[in-house]
Each structure stands twice: as C-alpha cells, then as structure tokens.
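> Structure file work.cif, mmCIF, C-alpha atoms, is pasted below:
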```
data_model
loop_
_atom_site.label_atom_id
_atom_site.label_comp_id
_atom_site.auth_asym_id
_atom_site.auth_seq_id
_atom_site.Cartn_x
_atom_site.Cartn_y
_atom_site.Cartn_z
CA MET A 1 58.85 107.26 80.70
CA PRO A 2 61.06 110.11 79.35
CA SER A 3 62.20 110.04 75.75
CA TYR A 4 65.98 110.09 75.13
CA LYS A 5 67.83 110.99 71.95
CA SER A 6 71.35 110.40 70.73
CA ILE A 7 73.87 113.26 71.08
CA PRO A 8 75.57 114.27 67.79
CA VAL A 9 79.19 113.11 67.41
CA THR A 10 81.93 115.28 65.88
CA MET A 11 85.52 114.66 64.83
CA ILE A 12 88.47 116.13 66.74
CA GLU A 13 90.27 118.85 64.79
CA THR A 14 94.00 118.73 64.05
CA ASP A 15 95.08 121.56 66.35
CA VAL A 16 92.85 120.72 69.32
CA SER A 17 93.96 121.44 72.88
CA TYR A 18 92.17 121.12 76.23
CA HIS A 19 91.08 123.48 79.01
CA LYS A 20 93.66 124.03 81.68
CA PRO A 21 92.71 125.63 84.98
CA SER A 22 94.03 129.15 85.32
CA GLN A 23 94.11 131.69 88.08
CA THR A 24 93.72 135.38 87.46
CA PHE A 25 95.75 137.67 89.69
CA LEU A 26 95.02 141.30 90.37
CA GLU A 27 97.31 143.38 88.17
CA ARG A 28 98.35 145.55 91.11
CA VAL A 29 98.16 145.05 94.85
CA THR A 30 99.00 147.28 97.78
CA LEU A 31 100.58 146.33 101.09
CA ASP A 32 97.11 146.43 102.68
CA ASP A 33 95.52 143.90 100.26
CA SER A 34 94.90 140.31 101.34
CA ALA A 35 97.93 138.01 101.06
CA LEU A 36 95.63 135.54 99.26
CA GLU A 37 95.68 137.91 96.26
CA VAL A 38 99.30 136.93 95.54
CA MET A 39 99.11 133.20 96.38
CA THR A 40 99.10 130.62 93.59
CA ASP A 41 96.15 128.50 94.75
CA PHE A 42 96.31 124.80 93.87
CA THR A 43 92.54 124.50 94.19
CA ARG A 44 92.40 126.81 91.13
CA VAL A 45 95.50 125.82 89.14
CA THR A 46 97.34 122.55 88.74
CA ALA A 47 100.66 122.22 90.53
CA ILE A 48 103.45 121.19 88.16
CA SER A 49 105.47 118.16 89.19
CA ILE A 50 108.27 115.93 87.99
CA ASN A 51 109.53 112.42 88.65
CA PRO A 52 112.61 112.15 90.92
CA CYS A 53 114.39 110.09 88.24
CA ALA A 54 114.01 112.76 85.53
CA ASN A 55 117.26 114.34 84.41
CA LEU A 56 118.06 118.00 85.02
CA GLU A 57 117.41 119.04 81.41
CA GLN A 58 113.92 117.51 81.59
CA ALA A 59 113.27 119.52 84.77
CA ARG A 60 114.49 122.72 83.08
CA GLU A 61 112.28 122.06 80.03
CA ARG A 62 109.25 121.35 82.25
CA MET A 63 109.72 124.65 84.09
CA LEU A 64 110.21 126.67 80.91
CA SER A 65 107.23 125.12 79.09
CA SER A 66 105.01 125.58 82.16
CA GLY A 67 106.21 129.10 82.97
CA VAL A 68 107.17 128.20 86.54
CA GLN A 69 110.35 128.48 88.62
CA MET A 70 109.62 125.51 90.92
CA LEU A 71 108.49 121.90 90.52
CA PHE A 72 107.15 119.46 93.07
CA VAL A 73 109.09 116.20 92.96
CA THR A 74 106.49 113.44 93.34
CA ASN A 75 106.44 109.66 93.47
CA GLN A 76 104.05 107.35 91.60
CA TYR A 77 101.37 107.98 94.27
CA HIS A 78 101.57 111.76 93.71
CA GLU A 79 103.08 112.25 97.15
CA VAL A 80 105.50 115.17 97.44
CA MET A 81 109.06 113.97 97.97
CA GLY A 82 110.65 117.40 97.66
CA LEU A 83 111.07 120.48 95.49
CA VAL A 84 113.43 121.61 92.76
CA THR A 85 113.75 125.20 91.59
CA MET A 86 115.31 126.90 88.59
CA ASN A 87 117.90 128.30 91.02
CA ASP A 88 118.74 124.72 92.04
CA LEU A 89 119.30 123.80 88.38
CA ASN A 90 121.38 126.88 87.58
CA GLY A 91 123.22 127.21 90.90
CA PRO A 92 126.05 125.24 92.55
CA LYS A 93 123.96 122.16 93.48
CA PRO A 94 124.61 120.17 90.27
CA MET A 95 128.40 120.65 90.55
CA GLN A 96 128.30 119.73 94.25
CA ALA A 97 126.35 116.56 93.42
CA VAL A 98 128.86 115.64 90.70
CA SER A 99 131.83 116.06 93.04
CA GLU A 100 130.12 114.22 95.93
CA ASN A 101 128.76 111.31 93.87
CA GLY A 102 131.59 111.03 91.34
CA SER A 103 128.98 111.00 88.60
CA LYS A 104 128.72 112.91 85.33
CA MET A 105 126.58 116.02 84.94
CA GLU A 106 124.37 114.34 82.32
CA ASP A 107 123.73 111.42 84.72
CA LEU A 108 122.34 113.63 87.49
CA MET A 109 118.68 113.19 88.37
CA VAL A 110 116.26 115.58 90.02
CA ARG A 111 116.49 113.56 93.25
CA ASP A 112 120.24 114.37 93.40
CA ILE A 113 119.66 118.13 93.77
CA MET A 114 116.10 118.49 95.10
CA THR A 115 115.35 119.79 98.55
CA PRO A 116 113.73 116.85 100.36
CA ARG A 117 110.30 117.18 101.97
CA LEU A 118 111.72 116.86 105.49
CA LYS A 119 113.70 120.09 105.01
CA LEU A 120 110.75 122.13 103.76
CA GLU A 121 108.93 124.63 105.94
CA ALA A 122 105.54 126.13 105.19
CA LEU A 123 103.05 128.78 106.20
CA ASP A 124 99.55 127.83 107.36
CA TYR A 125 96.67 128.72 105.02
CA GLU A 126 94.63 129.99 107.97
CA ASP A 127 97.37 132.50 108.82
CA ILE A 128 97.71 133.58 105.17
CA SER A 129 93.95 134.05 104.84
CA HIS A 130 94.10 136.69 107.61
CA ALA A 131 97.39 138.30 106.52
CA ARG A 132 98.02 141.31 104.29
CA VAL A 133 100.54 141.65 101.48
CA GLY A 134 102.69 143.80 103.80
CA ASP A 135 102.75 140.98 106.36
CA LEU A 136 103.86 138.60 103.63
CA LEU A 137 106.61 140.99 102.53
CA GLU A 138 107.92 141.14 106.10
CA THR A 139 107.77 137.33 106.34
CA PHE A 140 109.80 136.91 103.13
CA LYS A 141 112.39 139.40 104.42
CA ARG A 142 112.63 137.67 107.80
CA MET A 143 112.85 134.20 106.27
CA GLY A 144 115.22 135.27 103.46
CA ARG A 145 113.33 133.23 100.92
CA GLN A 146 111.99 133.37 97.39
CA HIS A 147 109.22 130.77 97.78
CA ALA A 148 106.95 129.77 100.62
CA LEU A 149 104.62 126.79 100.59
CA VAL A 150 101.16 127.20 102.07
CA VAL A 151 99.60 124.15 103.77
CA GLU A 152 96.24 123.25 105.25
CA LYS A 153 94.60 120.17 106.76
CA ASP A 154 92.44 118.08 104.45
CA ALA A 155 88.91 118.09 105.92
CA GLU A 156 88.32 114.41 105.08
CA THR A 157 91.66 112.79 105.91
CA GLY A 158 93.04 115.25 108.45
CA LYS A 159 96.38 115.07 106.60
CA GLN A 160 98.41 118.10 105.63
CA VAL A 161 98.13 119.13 101.97
CA ILE A 162 99.93 121.86 100.06
CA ARG A 163 97.26 124.46 99.27
CA GLY A 164 99.46 126.88 97.34
CA VAL A 165 102.74 128.66 96.94
CA LEU A 166 103.86 132.25 97.45
CA SER A 167 106.80 133.67 95.54
CA THR A 168 108.74 136.90 95.50
CA THR A 169 108.44 136.81 91.69
CA GLN A 170 104.62 136.95 91.79
CA LEU A 171 104.70 139.47 94.63
CA SER A 172 107.06 141.72 92.65
CA LYS A 173 104.82 141.57 89.55
CA GLN A 174 101.75 142.61 91.49
CA LEU A 175 103.42 145.26 93.62
CA GLY A 176 105.11 146.79 90.58
CA TYR A 177 108.61 146.75 92.06
CA GLN A 178 111.29 144.18 92.79
CA VAL A 179 110.88 142.53 96.17
CA GLN A 180 114.28 141.78 97.68
CA SER A 181 115.90 141.37 101.00
CA SER A 182 119.56 141.61 101.88
CA HIS A 183 119.05 138.18 103.39
CA MET A 184 117.18 136.74 100.40
CA ALA A 185 118.25 133.14 99.87
CA GLY A 186 119.29 132.13 96.38
CA ASN A 187 117.54 128.77 96.38
CA ILE A 188 115.05 126.67 98.25
CA ALA A 189 117.81 124.65 99.93
CA GLU A 190 119.00 127.79 101.67
CA MET A 191 115.34 128.45 102.45
CA ALA A 192 115.07 125.06 104.13
CA GLN A 193 118.19 125.75 106.20
CA GLY A 194 116.82 129.08 107.32
CA GLY A 195 118.84 131.30 104.93
#
```
In structure tokens, write the structure found in this file.


Amino acid sequence: MPSYKSIPVTMIETDVSYHKPSQTFLERVTLDDSALEVMTDFTRVTAISINPCANLEQARERMLSSGVQMLFVTNQYHEVMGLVTMNDLNGPKPMQAVSENGSKMEDLMVRDIMTPRLKLEALDYEDISHARVGDLLETFKRMGRQHALVVEKDAETGKQVIRGVLSTTQLSKQLGYQVQSSHMAGNIAEMAQGG
C-alpha cells in the first residue's frame, strides 16, 4: 500500500489575486493571415456578462474595469439574452428608452437598451476558421458593423454556442490602421437591423 503524506498549508497574503485566462494576439497581422488570429476566443478567455436588471452605470463600470466594449446580457442560467455595447450606453438608446417608457435615466436597466438575442446575427466558426483577415475586413464593410459574434454547435448537446467575437477595434490594433467603412454602424442595434 502506498504511503501518503500531508501537504503543507500556507496563509493567503493580503494582496492575493487569482489566475484569469488570457489570450495573446499577434502584434501585427496581414490581410492574408487567418481570421482566427483576430478573434477573441471564448475557449481561451472568459466572456464578460451582466445581469439584465443591472443599471447602466454598472454596465459602464463593468466594461471599463474589464477593458471591453461589449457585454453579454445573461440570465441566472448563464443563457445569453442579448448584448449591450459601450456605444449603446453612450448613444441615443438611453434617451429613447426614457422617452418611450416615461422613466428616469437613473432607473434604466440594461434590458431597456440591450439588443435582444433574437435580433443578433453571427458568423459560423467553421467559415471563420477557413477565412483570412482580408475576408473578415470585407465582411465587416459589407455588414456595416463593429462586432460580429462567432457561433458553433456544441459537440455534446448539438446546441449553438457563442465561440467568440470579432471586432473592428481588435482588427484595427493588429492591422496597424483604423478599420472603417462608410456604412459602419454605430452600435450593435444597427448591426442587428442590417446597418
């Protein structure tokens, strides 16, 4: 019978943190590189989400502290109900919601300005895995969007899952120049409506 010994115990230090998954992107890409090189991959990093009943300031703080421009709006079962972007928070949507609902700005919740799941379109991971950065650039221009979700089928359940997200911000960083289109939509709601 093997011999076992006790593992030493230590105390947690005052300024302790924890490991967070991170994805390293290539510093520079060309139009001929794989589109996967610019995709934020949720198998490698954690998607940032928020409760639909959070207020708009909480959403803004979550984005700023996480260094993201978009949050998934999820229910208690971690199912995606929609998306909210920094452009949604800073654009006309809050004022429109106030005038439509007769509520006060400070009473608005994320659910009041989010783009609901049923209005979201996505790109298939299989297509992205065979595409080049140049193909992605053309897709963003055609769609007039700043973000694109990437979905795949879960091998076990057969259900669609969000694998990652593509953004013109990340694309611009890696290409070394600002990616824009004359048709570029200002927020994900315009994206959902086809720009």

> Hey, what comes out of the PyMOL selection byres ((chain A and resi 83-88) around 10) on this file? Could you write it as a PyMOL selection string?

chain A and resi 49-50+52+56+59-60+63-64+68-74+80-82+89-94+110-117+119-120+147+186-189

> To one decimal in Å, tell me the separation between CA of Leu31 (chain A) and CA of Arg142 (chain A).

16.3 Å

> Once the PyMOL selection byres ((chain A and resi 173) around 10) has been applied to the shown file, what residues remain in the selection, as a list in words?

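Given this file, the PyMOL selection byres ((chain A and resi 173) around 10) evaluates to Phe25, Leu26, Glu27, Arg28, Val29, Val38, Thr168, Thr169, Gln170, Leu171, Ser172, Gln174, Leu175, Gly176, Tyr177, Gln178 and Val179 of chain A.
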
> Go through A:Glu13, A:Met39, A:Arg62, A:Tyr4 one by one, measure the shortest atom-to-atom distance of each to Arg132 (chain A) using all atoms listed in the file, and give the residue with the smallest value.

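Residue with the minimum atom-to-atom distance to Arg132 (chain A): A:Met39.
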
> Which value, in Å to one decimal, gives the distance between CA of Leu123 (chain A) and CA of His78 (chain A)?

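Between CA of Leu123 (chain A) and CA of His78 (chain A) the gap works out to 21.2 Å.
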
> Interatomic distance between CA of Ser167 (chain A) and CA of Ser65 (chain A)?

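Computing the Euclidean distance for CA of Ser167 (chain A) and CA of Ser65 (chain A) yields 18.5 Å.
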
> Write out as a PyMOL selection string each polymer residue whose atoms come within 10 Å of Gln180 (chain A), counting all atoms listed in the file; drop sequence neighbours fewer than 5 positions from it.

chain A and resi 137+140-141+144-146+168-169+172+185

> When distances are computed from only C-alpha atoms, which of A:Met95, A:His130, A:Asp107, A:Leu166 shows the smallest separation from Ala54 (chain A)?

A:Asp107

> Let me make sure I understand: among A:Met109, A:Gly102, A:Pro2, A:Leu36, which one has the smallest atom-to-atom distance to Asn51 (chain A) if we use all atoms listed in the file?

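Going through A:Met109, A:Gly102, A:Pro2, A:Leu36 one by one, the smallest distance to Asn51 (chain A) is for A:Met109.
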
> Counting all atoms listed in the file, what is within 10 Å of Gly134 (chain A), bar same-chain residues fewer than 5 positions away, as a ChimeraX atom specification?

/A:30-35,139-140

> Scan for residues within 7 Å of the point (95.0, 133.9, 90.6) in the coordinates of the file, using all atoms listed in the file, and reply as a count of residues only.

6

> Nearest to Gln58 (chain A): which of A:Met143, A:Leu108, A:Leu136, A:Ile7 is it, counting all atoms listed in the file?

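So, comparing all the options, the nearest one is A:Leu108.
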
> Name the closest residue to Glu57 (chain A) among the candidates A:Glu106, A:Glu79, A:Glu152, A:Asp15; distances are taken between atoms, counting all atoms listed in the file.

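Among the listed residues, A:Glu106 lies closest to Glu57 (chain A).
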
> Run the PyMOL selection byres ((chain A and resi 160) around 12) mentally over the shown coordinates, then write out the matched residues as a list in words, using the chain letters and numbers from the document.

Glu79, Val80, Ala122, Leu123, Asp124, Tyr125, Leu149, Val150, Val151, Glu152, Lys153, Asp154, Ala155, Glu156, Thr157, Gly158, Lys159, Val161, Ile162 and Arg163 of chain A

> Using all atoms listed in the file, can you tell me which of A:Val165, A:Met105, A:Met11, A:Val98 comes closest to Glu121 (chain A)?

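Comparing A:Val165, A:Met105, A:Met11, A:Val98 against Glu121 (chain A), the winner is A:Val165.
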